[in-house]
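Accompanying notes for the structure given below.
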Protein chains: 2
Amino acid sequence: MDKLSDEAIKEKLAEHPDWKLVDGKWIQRKYRFKDYLNGIEFVQKVAQLSEKMNHHPFISIDYKLISIKITSWRARGLTALDFTLAEKYDELYLHIKK
Amino acid sequence: MDKLSDEAIKEKLAEHPDWKLVDGKWIQRKYRFKDYLNGIEFVQKVAQLSEKMNHHPFISIDYKLISIKITSWRARGLTALDFTLAEKYDELYLHIKK
């Protein structure tokens, strides 16, 4: 999958205001939970989906705050797949108890 | 629980050579897995134990490399509880498929 141009990344970010560009080649979102174990359940769902898509984000768990950061290693930057996965993670978040 | 002295931390670290002191007030260990979802299962077990003990480490998931970092916020540094949990995490790791 091709690396997106700076212009295309700007457009995608405008469509996904919860996601931020980090270090030029990652997009990141932080998800907050009221209950620690609900956050862990979210991580598990994100991981299962990532394994299925064979595209794994960097995940950090800081108590009830889960941070997800994604890039496409092969393309050495962001691709459309990163934004597709970002949307899928957002959807998982919508359907989890918070 | 009381904050450990520098001397006591040195002794504890000598007993736990897989753990490293980070930024003076954390201990950290990286756990490697052959299978991504086994690493995720480990994170889930660590989280369940942490919730039970009401003492939550910082966890990061970088594909098959899981990093765990722990400190005692109330004591503003490391306590015996941090090393007790480190041992319990090591035990969970021993019993998981890698």
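Residue numbering restarts at 1 in every chain; chains get A, B, ... in the order shown in the structure tokens, and ligands count up from 1 in that same order.
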Kindly assemble as JSON lines a list of the chain A residues that lie within 6 Å of chain B, each paired with its nearest atom pair and their distance in Å to one decimal, using only C-alpha atoms, sorted first by chain and then by ascending residue number.
```
{"residue": "A:Phe58", "atom": "CA", "partner": "B:Asp62", "partner_atom": "CA", "distance": 5.1}
{"residue": "A:Ile59", "atom": "CA", "partner": "B:Ile61", "partner_atom": "CA", "distance": 5.0}
{"residue": "A:Ser60", "atom": "CA", "partner": "B:Ser60", "partner_atom": "CA", "distance": 4.2}
{"residue": "A:Ile61", "atom": "CA", "partner": "B:Ile59", "partner_atom": "CA", "distance": 5.0}
{"residue": "A:Asp62", "atom": "CA", "partner": "B:Phe58", "partner_atom": "CA", "distance": 5.1}
```
Please dump the current selection as a PDB file, in the first residue's frame; keep N, CA, C and O atoms.
```pdb
ATOM      1  N   PHE A  58       1.150   0.353  18.134  1.00  0.00           N
ATOM      2  CA  PHE A  58       1.810   0.456  19.430  1.00  0.00           C
ATOM      3  C   PHE A  58       0.722   0.863  20.427  1.00  0.00           C
ATOM      4  O   PHE A  58      -0.035   1.794  20.181  1.00  0.00           O
ATOM      5  N   ILE A  59       0.632   0.100  21.532  1.00  0.00           N
ATOM      6  CA  ILE A  59      -0.421   0.369  22.530  1.00  0.00           C
ATOM      7  C   ILE A  59       0.234   0.652  23.878  1.00  0.00           C
ATOM      8  O   ILE A  59       1.150  -0.070  24.279  1.00  0.00           O
ATOM      9  N   SER A  60      -0.216   1.691  24.578  1.00  0.00           N
ATOM     10  CA  SER A  60       0.252   1.853  25.953  1.00  0.00           C
ATOM     11  C   SER A  60      -0.935   1.984  26.899  1.00  0.00           C
ATOM     12  O   SER A  60      -1.993   2.505  26.539  1.00  0.00           O
ATOM     13  N   ILE A  61      -0.744   1.422  28.091  1.00  0.00           N
ATOM     14  CA  ILE A  61      -1.812   1.391  29.108  1.00  0.00           C
ATOM     15  C   ILE A  61      -1.312   2.141  30.326  1.00  0.00           C
ATOM     16  O   ILE A  61      -0.429   1.672  31.042  1.00  0.00           O
ATOM     17  N   ASP A  62      -1.857   3.330  30.532  1.00  0.00           N
ATOM     18  CA  ASP A  62      -1.475   4.160  31.677  1.00  0.00           C
ATOM     19  C   ASP A  62      -2.719   4.273  32.564  1.00  0.00           C
ATOM     20  O   ASP A  62      -3.491   5.231  32.448  1.00  0.00           O
TER      21      ASP A  62
END
```
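For B:Pro17, the list of residues within 12 Å, based on only C-alpha atoms and with local chain neighbours fewer than 6 positions off taken out, reads Lys10, Glu11, Ile27, Gln28, Arg29, Lys30, Phe83, Ala86, Glu87 and Asp90 of chain B.
Counting from atom CA of B:Thr71, the distance to atom CA of B:Asp18 is 16.1 Å.
Relative to atom CA of A:Asn38, atom CA of A:Ile96 is found at 7.3 Å.
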*Quote the spacing between atom CA of B:Lys3 and atom CA of B:Leu21 in Å to one decimal place.*
14.5 Å
